[in-house]
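All remarks here apply to the structure that follows.
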There are 4 protein chains.
Amino acid sequence: MHTSYEENKDVLLARLRKMEGQVRGIQQMIEDQRYCVEVLQQINALTAAAREVAILLTEDHVRECITSAVSGEDQEAMIQEAMKVLRKTLRP
Amino acid sequence: MHTSYEENKDVLLARLRKMEGQVRGIQQMIEDQRYCVEVLQQINALTAAAREVAILLTEDHVRECITSAVSGEDQEAMIQEAMKVLRKTLRP
Amino acid sequence: MHTSYEENKDVLLARLRKMEGQVRGIQQMIEDQRYCVEVLQQINALTAAAREVAILLTEDHVRECITSAVSGEDQEAMIQEAMKVLRKTLRP
Amino acid sequence: MHTSYEENKDVLLARLRKMEGQVRGIQQMIEDQRYCVEVLQQINALTAAAREVAILLTEDHVRECITSAVSGEDQEAMIQEAMKVLRKTLRP
């Protein structure tokens, strides 16, 4: 199950590089003593981006669990595997 | 897919009745002009309870999608069905 | 500080009564075995309503802290009081 | 009001640099095709760190609003200023 996001690897890395740029942008805003509400706006954007990466990973994993169960993997094991990921994403 | 939570129906109803009691309790706190921080504590407890109900529904649904896919339902349709529920829970 | 939301009491109670109706509506949906995605939609609506009540309480409290500080209450005590409420709302 | 977080500037920058390291760590985990649940754990840690920065900025701003109001700034303007920040943090 460890490579459930393999097909989306480039998409995930592109999003994470964008997030790295967002964090550096926020550092610069703090250096420049920009208005607090504008900084909060950028933090919200970063958090939303992180959420989307988590959703993508979760979707890939659940997809993999369904495919594996259909391909003959133990059904209950695949259900438990899907639940493990869901709980990690849903109870942060 | 519409009855994916059928086995958990009583659990869900018991939780929702408890939540109804929580909402009425918060109303009484407002009537009694209780301290704002205590009211917020109870609102947080209600929100956590609602989250747990959403998690239970989501888990039941994903479980049902896996079971149905293994039982011969169209695999891609089951994946899309699981995604639909995930997105509803993860992007509230 | 205990009655910081006094002026908004009726607004808060009206919202909480609507939330009570929402919880009962979700119970009925479960009884009727309605489609899981529709139930999740209603749970999201309930959670958003709870969030708005928390925001209203927090705003009233911070407003009260500012007013009290200007009226001669100890400034640092009022700052700490505002922080207490903020933390309760922001780290649920 | 634009420099409400001036005293915490170094703390904020230290936290943001740590967050930058977290984002790069997640990139490496994706490169290494690490197990999805471990990646989600790190995304949750990053989101929590972003939340703490937002809370710090919000607290500094509300503190500044109270101090300014006591120092003779228009009370209602300071209340509105505090509300603007609260809403940005509470409705991300």
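Numbering starts fresh at 1 for the residues of each chain in the structure tokens, the chains themselves are lettered A, B, ... in the order given, and ligands are numbered from 1 as they appear.
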
Go through stretch 22-73 of chain D and flag each residue having an atom no more than 8 Å from stretch 66-88 of chain A; for those, report the closest pair of atoms plus their distance in Å to one decimal, using only C-alpha atoms, ordered by chain and rising number, as JSON lines.
```
{"residue": "D:Cys36", "atom": "CA", "partner": "A:Val85", "partner_atom": "CA", "distance": 7.7}
{"residue": "D:Val37", "atom": "CA", "partner": "A:Val85", "partner_atom": "CA", "distance": 5.9}
{"residue": "D:Leu40", "atom": "CA", "partner": "A:Lys88", "partner_atom": "CA", "distance": 6.8}
{"residue": "D:Gln41", "atom": "CA", "partner": "A:Lys88", "partner_atom": "CA", "distance": 7.1}
```

Can I get the selected residues back with all heavy atoms, as a PDB file, in the first residue's frame?
```pdb
ATOM      1  N   CYS D  36       1.788   6.666   3.141  1.00  0.00           N
ATOM      2  CA  CYS D  36       0.804   7.759   3.127  1.00  0.00           C
ATOM      3  C   CYS D  36       0.390   8.250   4.518  1.00  0.00           C
ATOM      4  O   CYS D  36       0.260   9.455   4.752  1.00  0.00           O
ATOM      5  CB  CYS D  36      -0.396   7.245   2.333  1.00  0.00           C
ATOM      6  SG  CYS D  36      -1.959   7.971   2.672  1.00  0.00           S
ATOM      7  N   VAL D  37       0.204   7.348   5.475  1.00  0.00           N
ATOM      8  CA  VAL D  37      -0.234   7.745   6.819  1.00  0.00           C
ATOM      9  C   VAL D  37       0.847   8.578   7.516  1.00  0.00           C
ATOM     10  O   VAL D  37       0.542   9.545   8.237  1.00  0.00           O
ATOM     11  CB  VAL D  37      -0.620   6.506   7.667  1.00  0.00           C
ATOM     12  CG1 VAL D  37      -0.883   6.891   9.114  1.00  0.00           C
ATOM     13  CG2 VAL D  37      -1.857   5.819   7.078  1.00  0.00           C
ATOM     14  N   LEU D  40       0.670  12.048   5.970  1.00  0.00           N
ATOM     15  CA  LEU D  40      -0.479  12.778   6.524  1.00  0.00           C
ATOM     16  C   LEU D  40      -0.178  13.301   7.926  1.00  0.00           C
ATOM     17  O   LEU D  40      -0.576  14.409   8.290  1.00  0.00           O
ATOM     18  CB  LEU D  40      -1.722  11.882   6.545  1.00  0.00           C
ATOM     19  CG  LEU D  40      -2.352  11.614   5.177  1.00  0.00           C
ATOM     20  CD1 LEU D  40      -3.395  10.507   5.277  1.00  0.00           C
ATOM     21  CD2 LEU D  40      -2.991  12.877   4.605  1.00  0.00           C
ATOM     22  N   GLN D  41       0.522  12.495   8.712  1.00  0.00           N
ATOM     23  CA  GLN D  41       0.941  12.929  10.055  1.00  0.00           C
ATOM     24  C   GLN D  41       1.756  14.225   9.969  1.00  0.00           C
ATOM     25  O   GLN D  41       1.519  15.165  10.739  1.00  0.00           O
ATOM     26  CB  GLN D  41       1.808  11.810  10.652  1.00  0.00           C
ATOM     27  CG  GLN D  41       2.311  12.063  12.053  1.00  0.00           C
ATOM     28  CD  GLN D  41       1.309  11.577  13.084  1.00  0.00           C
ATOM     29  OE1 GLN D  41       0.637  10.570  12.890  1.00  0.00           O
ATOM     30  NE2 GLN D  41       1.180  12.334  14.157  1.00  0.00           N
TER      31      GLN D  41
END
```

Show me a table, sorted first by chain and then by increasing residue number, of the residues of chain C having an atom at most 7 Å from chain B, each with its shortest atom pair and the distance in Å to one decimal, counting only C-alpha atoms and written as CSV.
```
residue,atom,partner,partner_atom,distance
C:His2,CA,B:Tyr35,CA,4.5
C:Thr3,CA,B:Gln33,CA,5.8
C:Lys9,CA,B:Ile30,CA,6.8
C:Leu13,CA,B:Gln27,CA,6.0
C:Leu16,CA,B:Gln27,CA,6.3
C:Glu20,CA,B:Glu20,CA,6.0
C:Val23,CA,B:Glu20,CA,6.0
C:Gln27,CA,B:Leu13,CA,6.0
C:Ile30,CA,B:Lys9,CA,6.8
C:Gln33,CA,B:Thr3,CA,5.8
C:Arg34,CA,B:His2,CA,6.4
C:Tyr35,CA,B:His2,CA,4.6
C:Cys36,CA,B:His2,CA,6.5
C:Val37,CA,B:Val85,CA,5.8
C:Leu40,CA,B:Ala54,CA,6.1
C:Ile43,CA,B:Ala50,CA,6.5
C:Asn44,CA,B:Pro92,CA,5.6
C:Thr47,CA,B:Thr47,CA,5.9
C:Ala50,CA,B:Ile43,CA,6.5
C:Ala54,CA,B:Leu40,CA,6.2
C:Leu57,CA,B:Cys36,CA,6.6
C:Val85,CA,B:Val37,CA,5.9
C:Lys88,CA,B:Leu40,CA,6.8
C:Thr89,CA,B:Leu40,CA,6.7
C:Pro92,CA,B:Asn44,CA,5.6
```

Å distance separating atom CA of B:Glu64 from atom CA of A:Val62, one decimal place = 12.3 Å

inquiry  = as a list in words, please: every residue in stretch 3-39 of chain D that a backbone DSSP assignment puts in alpha helix (DSSP H).
reply    = Lys9, Asp10, Val11, Leu12, Leu13, Ala14, Arg15, Leu16, Arg17, Lys18, Met19, Glu20, Gly21, Gln22, Val23, Arg24, Gly25, Ile26, Gln27, Gln28, Met29, Ile30, Glu31, Cys36, Val37, Glu38 and Val39 of chain D

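The spacing separating atom CA of A:Val11 from atom CA of A:Leu90 amounts to 22.1 Å.
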
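Pairwise distance (atom CA of B:Glu59, atom CA of A:Leu56) equals 17.3 Å.
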